[in-house]
Every structure is written in C-alpha cells, then in structure tokens.
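**Student:** Here it is: the structure, laid out below.
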Amino acid sequence: MYQLALSDIDGTLLNADREVSAALKAQVARLTANEIPFILISSRMPQAMTHLQDDLGISGLPLICYNGGWVLVDGEPIHSESIPLDIIRAVAALQRGTSLSVQLFHADEWYVESMDFYAKREENNTKVTPSVREIADTLADWTARKLGAHKIMVMGEPTGIDQMVAQLEQAFDNELHLYRSKDTYLEIASKRISKLTGIEQLIAHKYPGVSLAECIAFGDNYNDIEMLQAVGLGVAVANAKQEVLAVADVVVAGNKADGVAEGLGAYL
C-alpha cells in the first residue's frame, strides 16, 4: 500500500546514543530489497544526514534538508528556498548586545561566531564541524554571492529566545516559520516551505507515480505536524509533542525504543 517512507531524524529516528539501531537497519534493508525508498527529512544540513544514510545502507537516495528548504536528488538540488539577506541582517541586529548564539546555514555551509556551548553541542549531535566566522563577514560574502540562509538557528536562555520570537513575529510574521524545538532553541525558516512542500517537490521530480496517500511518515515535533496530516499514514513516536500525538494516525514506541523500526515492521 505504501510506496515511499519518510522519517524525521532528531527525536524520531535516532536512539539514546544518537545512532541508528540494528533493528532499524534491518527494517530499512527490507524496504530497500522491496524497492521502497526510505527518505530522511529533517531540519538538518545535508552533511549531518549523509552519514546516517551511509549507516542505513541508503547512500545516494534523495534528502529533504532544512525542513524542505533544500531538496537533493542524485546529489543535486531540485528545490531551494532561503531566508533573504535583509531578514538575516534583522536577526543579527536583534542578537547584538545579547548572549544569544546565532548560527547561519546555506546548503553545506554552516557558520558560527565562536565554538561556544551550543556550537559544540550541535557539532557533537550532528558529527559536522562548523566554520567560525563573524555574522558580518558571512553577510558580506553571501551578499556578493547572492545567497540567503536555508536556516537560521538562535540558541540561548529561554527569556532571550522569547524576546527574539516576539520581535520576529511582529516584524516578519508573513515571511518566517519560527520553530521552537526546545525552550533554548529557535529554528528559523522561510514560511514558503515545510516538510510537506519538500515531499511534494521530491515526488514531482523523482517519484511522479507516487501520491501522498501512498506515503508513510514518522515524526515527533511541531514541524512534523503538516507532514503527518498530509500523508497516507502519519506515525508519531511515543515521545512526540502532545500536538503531534493528537494528529497522528498511529503512535509507536519512542525513539529510544526503536519506534520507527516498529512502525516500518507493522505497516510496510
């Protein structure tokens, strides 16, 4: 019944050691043998996803990165949607004079102003090392190259994040998605994209014979809700946010208890 399987990564796919389990590898191998693609879909950058593809034996399959802002097929972008430079400048201005950490992403580029606590934690979590560069230098470079940000991450104390969210909502409510993945984490993306638009782009370019009704997707967080509602079977892991659990068609075990492997075994 389902021709395409998609899964979020953090909080959904990875176990307590932030790795893919043996049970998951076995299920993905079974899907591969039956010619059912298993697609990773995440707010992560490509380099933070390809090593997981390698672990799962699905290297070369498409990737939906940055919550749908950068979609790769055969290693080439088929869709790109970024945050304009004027908004990046506004975020930088709001960060100035605070203790907030701002990280900028475009394709395989990841820039931090210093290897602070948050940069080191993300490096550990994603197995990718960022480049250290002042925001002003990145803005100058990207202005010359006519690039925007596929994602902006702002990290710091919850009260500082609260203030940033309020200011950005007031100034750019029609232009930005603001995902509060944790109290201390704010992920910023273009409002023109979502994981659902990423899936739609992927299907149109790579799997035109597959409908959304023939897709199964796994998730745990707010940015997974639209995706889970749109596909044929939306699966939430048990540790998902309450709002995600409420819209899911089914709930499986948590990410630390092989929930995705359970779901793949039960429904594919």
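Ordered as shown in the structure tokens, chains take letters A, B, and onward, while each chain numbers its residues from 1 and ligands are numbered from 1 in the order shown.
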Using only C-alpha atoms, which protein or nucleic acid residues come within 8 Å of Leu4 in chain A? Drop anything in the same chain fewer than 3 positions from it, and give the result as a PDB file with N, CA, C and O atoms, in the first residue's frame.

**Tutor:**
```pdb
ATOM      1  N   ILE A  36      11.292   0.015  -1.826  1.00  0.00           N
ATOM      2  CA  ILE A  36      10.565   1.115  -1.182  1.00  0.00           C
ATOM      3  C   ILE A  36      11.605   2.075  -0.622  1.00  0.00           C
ATOM      4  O   ILE A  36      12.323   1.735   0.318  1.00  0.00           O
ATOM      5  N   PRO A  37      11.739   3.272  -1.188  1.00  0.00           N
ATOM      6  CA  PRO A  37      12.751   4.213  -0.705  1.00  0.00           C
ATOM      7  C   PRO A  37      12.461   4.678   0.726  1.00  0.00           C
ATOM      8  O   PRO A  37      11.302   4.920   1.086  1.00  0.00           O
ATOM      9  N   PHE A  38      13.529   4.795   1.509  1.00  0.00           N
ATOM     10  CA  PHE A  38      13.434   5.328   2.865  1.00  0.00           C
ATOM     11  C   PHE A  38      14.156   6.665   2.864  1.00  0.00           C
ATOM     12  O   PHE A  38      15.379   6.718   2.738  1.00  0.00           O
ATOM     13  N   ILE A  39      13.400   7.741   2.995  1.00  0.00           N
ATOM     14  CA  ILE A  39      13.908   9.098   2.802  1.00  0.00           C
ATOM     15  C   ILE A  39      14.034   9.826   4.137  1.00  0.00           C
ATOM     16  O   ILE A  39      13.073   9.873   4.917  1.00  0.00           O
ATOM     17  N   VAL A 210       3.923   8.290  -7.461  1.00  0.00           N
ATOM     18  CA  VAL A 210       3.542   8.089  -6.058  1.00  0.00           C
ATOM     19  C   VAL A 210       2.681   9.265  -5.584  1.00  0.00           C
ATOM     20  O   VAL A 210       2.994  10.424  -5.857  1.00  0.00           O
ATOM     21  N   GLU A 214       0.115   7.383  -0.654  1.00  0.00           N
ATOM     22  CA  GLU A 214       0.949   6.183  -0.673  1.00  0.00           C
ATOM     23  C   GLU A 214       2.235   6.368   0.119  1.00  0.00           C
ATOM     24  O   GLU A 214       3.161   5.567   0.006  1.00  0.00           O
ATOM     25  N   CYS A 215       2.287   7.431   0.928  1.00  0.00           N
ATOM     26  CA  CYS A 215       3.462   7.715   1.747  1.00  0.00           C
ATOM     27  C   CYS A 215       3.174   7.447   3.221  1.00  0.00           C
ATOM     28  O   CYS A 215       2.060   7.682   3.702  1.00  0.00           O
ATOM     29  N   ILE A 216       4.183   6.982   3.926  1.00  0.00           N
ATOM     30  CA  ILE A 216       4.135   6.859   5.381  1.00  0.00           C
ATOM     31  C   ILE A 216       5.263   7.726   5.929  1.00  0.00           C
ATOM     32  O   ILE A 216       6.364   7.751   5.383  1.00  0.00           O
TER      33      ILE A 216
END
```

**Student:** Show which residues sit within 9 Å of range 102-114 of chain A, as JSON, numbers by chain. Count only C-alpha atoms, and ignore same-chain residues fewer than 6 positions away.

**Tutor:** {"A": [45, 46, 47, 65, 66, 70, 80, 82, 88, 91, 92, 95, 129, 130, 131, 132, 133, 134, 135, 138, 147, 148, 149, 150, 151, 152, 153, 154, 155]}

**Student:** Tell me, in Å to one decimal, how far CA of Gly60 in chain A is from CA of Asp74 in chain A.

**Tutor:**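 Going from CA of Gly60 in chain A over to CA of Asp74 in chain A covers 6.1 Å.
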
**Student:** So that I can check the surroundings of Asp224 in chain A, please list as a CSV table (one decimal) with N, CA and C atoms, in the first residue's frame every protein, DNA and RNA residue that reaches within 9 Å of it, counting only C-alpha atoms and ignoring chain neighbours fewer than 3 positions away.

**Tutor:**
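out_4.csv, freshly written:
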```csv
chain,number,residue,atom,x,y,z
A,8,ASP,N,11.7,11.8,10.0
A,8,ASP,CA,12.4,12.9,10.7
A,8,ASP,C,13.6,12.2,11.4
A,67,ASN,N,14.1,21.4,6.6
A,67,ASN,CA,12.6,21.4,6.7
A,67,ASN,C,12.0,21.6,5.3
A,194,SER,N,8.0,23.8,4.0
A,194,SER,CA,7.7,23.0,5.1
A,194,SER,C,8.1,21.6,4.7
A,195,LYS,N,8.1,20.7,5.6
A,195,LYS,CA,8.4,19.3,5.3
A,195,LYS,C,7.4,18.8,4.2
A,196,LEU,N,6.2,19.2,4.3
A,196,LEU,CA,5.2,18.8,3.3
A,196,LEU,C,5.6,19.3,1.9
A,217,ALA,N,5.0,8.5,7.0
A,217,ALA,CA,6.0,9.4,7.5
A,217,ALA,C,6.0,9.3,9.1
A,218,PHE,N,7.2,9.5,9.6
A,218,PHE,CA,7.4,9.4,11.1
A,218,PHE,C,7.9,10.8,11.6
A,219,GLY,N,7.4,11.2,12.8
A,219,GLY,CA,7.9,12.5,13.3
A,219,GLY,C,7.6,12.6,14.8
A,220,ASP,N,8.0,13.7,15.4
A,220,ASP,CA,7.9,13.9,16.8
A,220,ASP,C,7.6,15.4,17.2
A,221,ASN,N,7.9,16.3,16.3
A,221,ASN,CA,7.9,17.7,16.7
A,221,ASN,C,6.9,18.6,15.9
A,227,MET,N,3.2,17.5,7.7
A,227,MET,CA,3.6,16.3,7.0
A,227,MET,C,2.7,15.1,7.4
A,228,LEU,N,2.6,14.9,8.7
A,228,LEU,CA,1.9,13.7,9.2
A,228,LEU,C,0.4,13.8,8.9
A,229,GLN,N,-0.1,15.0,8.8
A,229,GLN,CA,-1.5,15.1,8.4
A,229,GLN,C,-1.8,14.8,7.0
A,244,VAL,N,1.5,16.7,18.3
A,244,VAL,CA,1.9,15.8,17.3
A,244,VAL,C,1.1,14.5,17.5
```

**Student:** So what do you get for CA of Lys25 in chain A versus CA of Asn125 in chain A, distance-wise?

**Tutor:**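 Those two atoms sit 19.6 Å apart.
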
**Student:** Can you work out which one of A:Val165, A:Leu14, A:Leu212, A:Ala48 has the shortest atom-to-atom distance to Gly198 in chain A, counting only C-alpha atoms?

**Tutor:** A:Leu212

**Student:** Among the residues of range 47-236 of chain A, find those DSSP assigns to alpha helix (DSSP H) from the backbone and print them as a ChimeraX atom specification.

**Tutor:** /A:47-56,85-95,117-126,135-145,158-172,195-206,225-230

**Student:** I want to know what sits within 12 Å of Tyr267 in chain A, based on only C-alpha atoms, with residues of the same chain fewer than 6 positions away left out; could you give that as a JSON list (two decimals) with C-alpha atoms, in the first residue's frame?

**Tutor:**
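Ended up saving to part_24.json:
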```
[["chain", "number", "residue", "atom", "x", "y", "z"],
["A", 1, "MET", "CA", 0.00, 0.00, 0.00],
["A", 2, "TYR", "CA", 2.79, 2.46, 0.86],
["A", 3, "GLN", "CA", 5.38, 3.20, -1.80],
["A", 4, "LEU", "CA", 7.53, 5.78, -0.01],
["A", 5, "ALA", "CA", 8.66, 6.01, 3.63],
["A", 27, "GLN", "CA", 13.89, -2.84, 8.55],
["A", 31, "LEU", "CA", 12.38, -1.90, 2.45],
["A", 214, "GLU", "CA", 0.95, 6.18, -0.67],
["A", 215, "CYS", "CA", 3.46, 7.72, 1.75],
["A", 216, "ILE", "CA", 4.13, 6.86, 5.38],
["A", 217, "ALA", "CA", 5.95, 9.40, 7.53],
["A", 218, "PHE", "CA", 7.37, 9.44, 11.07],
["A", 232, "GLY", "CA", -1.42, 8.27, 3.91],
["A", 233, "LEU", "CA", -0.17, 7.18, 7.34],
["A", 234, "GLY", "CA", 1.23, 9.71, 9.78],
["A", 235, "VAL", "CA", 3.14, 7.99, 12.58],
["A", 249, "ASP", "CA", -2.88, 8.26, 12.66],
["A", 250, "VAL", "CA", -0.92, 5.86, 14.86],
["A", 251, "VAL", "CA", 1.60, 6.06, 17.69],
["A", 252, "VAL", "CA", 4.57, 3.71, 18.04],
["A", 260, "VAL", "CA", 10.45, 3.78, 13.67],
["A", 261, "ALA", "CA", 11.62, 0.18, 13.25]]
```
